[in-house]
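Participant: I have a structure here, written as structure tokens, and I will follow up with some questions on it.
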Amino acid sequence: MKEKAPIDLNLLKSAYSNLHIVVTNSKTGRKEVISDHDNFSLIYEEFRATCALPILYDREINIGDQYYVDGSVADLLPIDVAHKLGCTDIFVIMAEQIRNITFDKTHQRLVKHLIRKFARRYPKRLKNMLPTNEHILKSNLRRITRPWRNTNIYVLQPSDEEMLISLATNDKEKLHALSKLGINDAKAFLKSTV
């Protein structure tokens with residue numbers, strides 16, 4: 001990101017809205033929000049932290065005196081962060097359709113067992129939450145259908161599930177096709193909400 005598509009820090013500093021990055025503290029397993037960016041001197045590390053998915057990336061990211069991993073481990077849908085910050089219109093971008101999120105206990109037990117086996121090097125609290133904190137996810141999914149008073153929640157989700165790919169995919173054609181789908185879905189979404 002630094003070399004191929006560097007962030008325009010001056011533009012980021014002059015942006016009208018504030019940037020808040022959700023991460024998971026790897027020691028406590030708690031969700032934390034990075035809002036004070038110290039002139040964005042650590043922005044690449046902050047972005048790396050919020051994407052550092054255990055097992056796939058397999059490293060904790062050091063920022064200050066703490067270590068972090070992907071924010072989705074503690075909270076896959078942190079809409080409460082936006083609400084606490086005073087947002088009244090919240091846009092949720094999903095990587096899959098909400099209706100396909102299932103909580104199949106038999107399947108999930110196997111997945112959790114395998115993930116935890118491969119995540120031995122992580123602190124116990126974090127390891128026990130992998131792949132994500134289901135209790136918070138269920139609560140936030142309910143919140144999408146029943147928003148807070150005076151709050152609107154809009155959901156953008158993929159229109160063609162056949163095109164969805166795994167996080168580990170590096171097939172350029174599939175990645176390009178998926179990004180095209182995302183752009184088209186976003187355009188249709190914006191037309192329908194404006």
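In the structure tokens, chains take letters A, B, ... by order of appearance, with residues numbered from 1 within each chain and ligands from 1 in the order shown.
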I need the residues of region 1-152 of chain A that end up classed as strand (DSSP E) by DSSP on the backbone, written out as a VMD selection string.

Facilitator: chain A and resid 21 to 25 31 to 34 61 to 63 66 to 70 89 to 93 152

Participant: For Ile153 (chain A), work out the shell of residues within 8 Å, counting only C-alpha atoms and skipping chain neighbours fewer than 3 positions away, then give it as a ChimeraX atom specification.

Facilitator: /A:89-92,144,147

Participant: Output the selection as an mmCIF file, in the first residue's frame - N, CA and C atoms for each residue.

Facilitator:
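What landed in result34.cif:
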data_model
loop_
_atom_site.group_PDB
_atom_site.id
_atom_site.type_symbol
_atom_site.label_atom_id
_atom_site.label_comp_id
_atom_site.auth_asym_id
_atom_site.auth_seq_id
_atom_site.Cartn_x
_atom_site.Cartn_y
_atom_site.Cartn_z
ATOM 1 N N ASP A 89 -26.980 8.012 10.497
ATOM 2 C CA ASP A 89 -27.106 7.231 9.262
ATOM 3 C C ASP A 89 -25.882 6.338 9.166
ATOM 4 N N ILE A 90 -26.102 5.035 9.313
ATOM 5 C CA ILE A 90 -24.999 4.069 9.357
ATOM 6 C C ILE A 90 -25.088 3.169 8.137
ATOM 7 N N PHE A 91 -23.992 3.101 7.382
ATOM 8 C CA PHE A 91 -23.923 2.247 6.202
ATOM 9 C C PHE A 91 -23.090 1.017 6.546
ATOM 10 N N VAL A 92 -23.686 -0.151 6.356
ATOM 11 C CA VAL A 92 -23.020 -1.415 6.661
ATOM 12 C C VAL A 92 -22.685 -2.087 5.333
ATOM 13 N N ILE A 144 -29.481 -4.381 13.288
ATOM 14 C CA ILE A 144 -29.674 -3.923 11.911
ATOM 15 C C ILE A 144 -31.165 -3.909 11.569
ATOM 16 N N PRO A 147 -33.094 -0.799 14.418
ATOM 17 C CA PRO A 147 -32.114 0.244 14.761
ATOM 18 C C PRO A 147 -32.526 1.064 15.992
#

Participant: Could you name the residues that touch region 37-52 of chain A at 9 Å or less, counting only C-alpha atoms, but leaving out those on the same chain fewer than 3 positions away, as an mmCIF file with N, CA and C atoms, in the first residue's frame?

Facilitator:
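What follows is the written file out.cif:
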data_model
loop_
_atom_site.group_PDB
_atom_site.id
_atom_site.type_symbol
_atom_site.label_atom_id
_atom_site.label_comp_id
_atom_site.auth_asym_id
_atom_site.auth_seq_id
_atom_site.Cartn_x
_atom_site.Cartn_y
_atom_site.Cartn_z
ATOM 1 N N MET A 1 0.817 -1.196 0.000
ATOM 2 C CA MET A 1 0.000 0.000 0.000
ATOM 3 C C MET A 1 0.862 1.263 0.000
ATOM 4 N N LYS A 2 1.963 1.223 0.721
ATOM 5 C CA LYS A 2 2.835 2.405 0.780
ATOM 6 C C LYS A 2 3.431 2.718 -0.584
ATOM 7 N N ILE A 7 -1.345 6.503 0.559
ATOM 8 C CA ILE A 7 -2.423 7.353 1.040
ATOM 9 C C ILE A 7 -1.975 8.814 0.978
ATOM 10 N N LEU A 9 -1.767 11.711 2.690
ATOM 11 C CA LEU A 9 -1.912 12.101 4.095
ATOM 12 C C LEU A 9 -2.466 13.512 4.266
ATOM 13 N N LEU A 12 -6.133 13.231 3.849
ATOM 14 C CA LEU A 12 -6.686 12.561 5.030
ATOM 15 C C LEU A 12 -6.778 13.527 6.214
ATOM 16 N N LYS A 13 -5.739 14.330 6.395
ATOM 17 C CA LYS A 13 -5.721 15.297 7.495
ATOM 18 C C LYS A 13 -6.791 16.377 7.321
ATOM 19 N N LEU A 19 -11.595 9.703 11.138
ATOM 20 C CA LEU A 19 -11.345 8.298 10.835
ATOM 21 C C LEU A 19 -11.248 7.527 12.144
ATOM 22 N N HIS A 20 -12.022 6.447 12.236
ATOM 23 C CA HIS A 20 -12.006 5.588 13.412
ATOM 24 C C HIS A 20 -11.735 4.165 12.931
ATOM 25 N N ILE A 21 -10.737 3.520 13.503
ATOM 26 C CA ILE A 21 -10.341 2.180 13.081
ATOM 27 C C ILE A 21 -10.585 1.198 14.224
ATOM 28 N N VAL A 22 -11.347 0.144 13.936
ATOM 29 C CA VAL A 22 -11.666 -0.860 14.952
ATOM 30 C C VAL A 22 -10.640 -1.988 14.873
ATOM 31 N N VAL A 23 -10.049 -2.304 16.020
ATOM 32 C CA VAL A 23 -9.066 -3.384 16.127
ATOM 33 C C VAL A 23 -9.421 -4.252 17.336
ATOM 34 N N THR A 24 -8.787 -5.423 17.412
ATOM 35 C CA THR A 24 -8.955 -6.295 18.573
ATOM 36 C C THR A 24 -7.643 -6.335 19.327
ATOM 37 N N ILE A 34 -9.357 3.055 17.413
ATOM 38 C CA ILE A 34 -8.264 4.018 17.284
ATOM 39 C C ILE A 34 -8.831 5.251 16.595
ATOM 40 N N ILE A 55 -4.238 -16.501 11.900
ATOM 41 C CA ILE A 55 -3.995 -17.690 11.101
ATOM 42 C C ILE A 55 -3.660 -17.331 9.659
ATOM 43 N N LEU A 56 -4.500 -16.505 8.977
ATOM 44 C CA LEU A 56 -4.169 -16.131 7.601
ATOM 45 C C LEU A 56 -2.966 -15.190 7.565
ATOM 46 N N TYR A 57 -2.976 -14.163 8.400
ATOM 47 C CA TYR A 57 -1.838 -13.236 8.447
ATOM 48 C C TYR A 57 -0.843 -13.704 9.496
ATOM 49 N N ASP A 58 -1.347 -14.228 10.578
ATOM 50 C CA ASP A 58 -0.574 -14.881 11.633
ATOM 51 C C ASP A 58 0.484 -14.015 12.311
ATOM 52 N N ARG A 59 0.191 -12.727 12.433
ATOM 53 C CA ARG A 59 1.067 -11.844 13.213
ATOM 54 C C ARG A 59 0.223 -10.805 13.918
ATOM 55 N N GLU A 60 0.643 -10.464 15.104
ATOM 56 C CA GLU A 60 0.008 -9.369 15.824
ATOM 57 C C GLU A 60 0.765 -8.100 15.467
ATOM 58 N N ILE A 61 0.057 -6.992 15.391
ATOM 59 C CA ILE A 61 0.666 -5.727 14.977
ATOM 60 C C ILE A 61 0.861 -4.838 16.193
ATOM 61 N N ASN A 62 2.084 -4.370 16.366
ATOM 62 C CA ASN A 62 2.434 -3.521 17.493
ATOM 63 C C ASN A 62 2.166 -2.058 17.170
ATOM 64 N N ILE A 63 1.330 -1.421 18.007
ATOM 65 C CA ILE A 63 1.081 0.015 17.908
ATOM 66 C C ILE A 63 1.208 0.556 19.323
ATOM 67 N N TYR A 67 -0.557 -4.803 21.289
ATOM 68 C CA TYR A 67 -0.561 -5.634 20.095
ATOM 69 C C TYR A 67 -1.999 -5.880 19.676
ATOM 70 N N TYR A 68 -2.240 -5.796 18.353
ATOM 71 C CA TYR A 68 -3.598 -5.891 17.828
ATOM 72 C C TYR A 68 -3.691 -6.879 16.676
ATOM 73 N N VAL A 69 -4.927 -7.366 16.471
ATOM 74 C CA VAL A 69 -5.265 -8.176 15.295
ATOM 75 C C VAL A 69 -6.564 -7.602 14.721
ATOM 76 N N ASP A 70 -7.043 -8.231 13.673
ATOM 77 C CA ASP A 70 -8.248 -7.819 12.958
ATOM 78 C C ASP A 70 -9.394 -7.479 13.909
ATOM 79 N N GLY A 71 -10.008 -6.332 13.680
ATOM 80 C CA GLY A 71 -11.130 -5.903 14.513
ATOM 81 C C GLY A 71 -12.321 -6.842 14.469
ATOM 82 N N SER A 72 -12.438 -7.631 13.394
ATOM 83 C CA SER A 72 -13.588 -8.528 13.260
ATOM 84 C C SER A 72 -13.560 -9.676 14.253
#

Participant: Excluding Ala186 (chain A) and its own-chain neighbours fewer than 6 positions away, which residues fall within 12 Å of it when counting only C-alpha atoms? Please give them as a PyMOL selection string.

Facilitator: chain A and resi 91-94+154-159+179-180+192-193

Participant: Please produce a file of the residues just selected, as a PDB file, in the first residue's frame, where the atoms kept are C-alpha atoms.

Facilitator:
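Saved as result.pdb:
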ATOM      1  CA  PHE A  91     -23.923   2.247   6.202  1.00  0.00           C
ATOM      2  CA  VAL A  92     -23.020  -1.415   6.661  1.00  0.00           C
ATOM      3  CA  ILE A  93     -20.984  -3.087   3.910  1.00  0.00           C
ATOM      4  CA  MET A  94     -21.282  -6.870   4.019  1.00  0.00           C
ATOM      5  CA  TYR A 154     -28.469   0.901   5.357  1.00  0.00           C
ATOM      6  CA  VAL A 155     -27.001  -2.439   4.261  1.00  0.00           C
ATOM      7  CA  LEU A 156     -24.963  -2.988   1.095  1.00  0.00           C
ATOM      8  CA  GLN A 157     -24.496  -6.687   0.375  1.00  0.00           C
ATOM      9  CA  PRO A 158     -23.318  -8.665  -2.681  1.00  0.00           C
ATOM     10  CA  SER A 159     -26.053  -9.200  -5.279  1.00  0.00           C
ATOM     11  CA  SER A 179     -14.422  -5.750  -7.376  1.00  0.00           C
ATOM     12  CA  LYS A 180     -16.524  -4.975 -10.472  1.00  0.00           C
ATOM     13  CA  SER A 192     -31.800   3.404  -4.271  1.00  0.00           C
ATOM     14  CA  THR A 193     -30.928   5.362  -1.104  1.00  0.00           C
TER      15      THR A 193
END
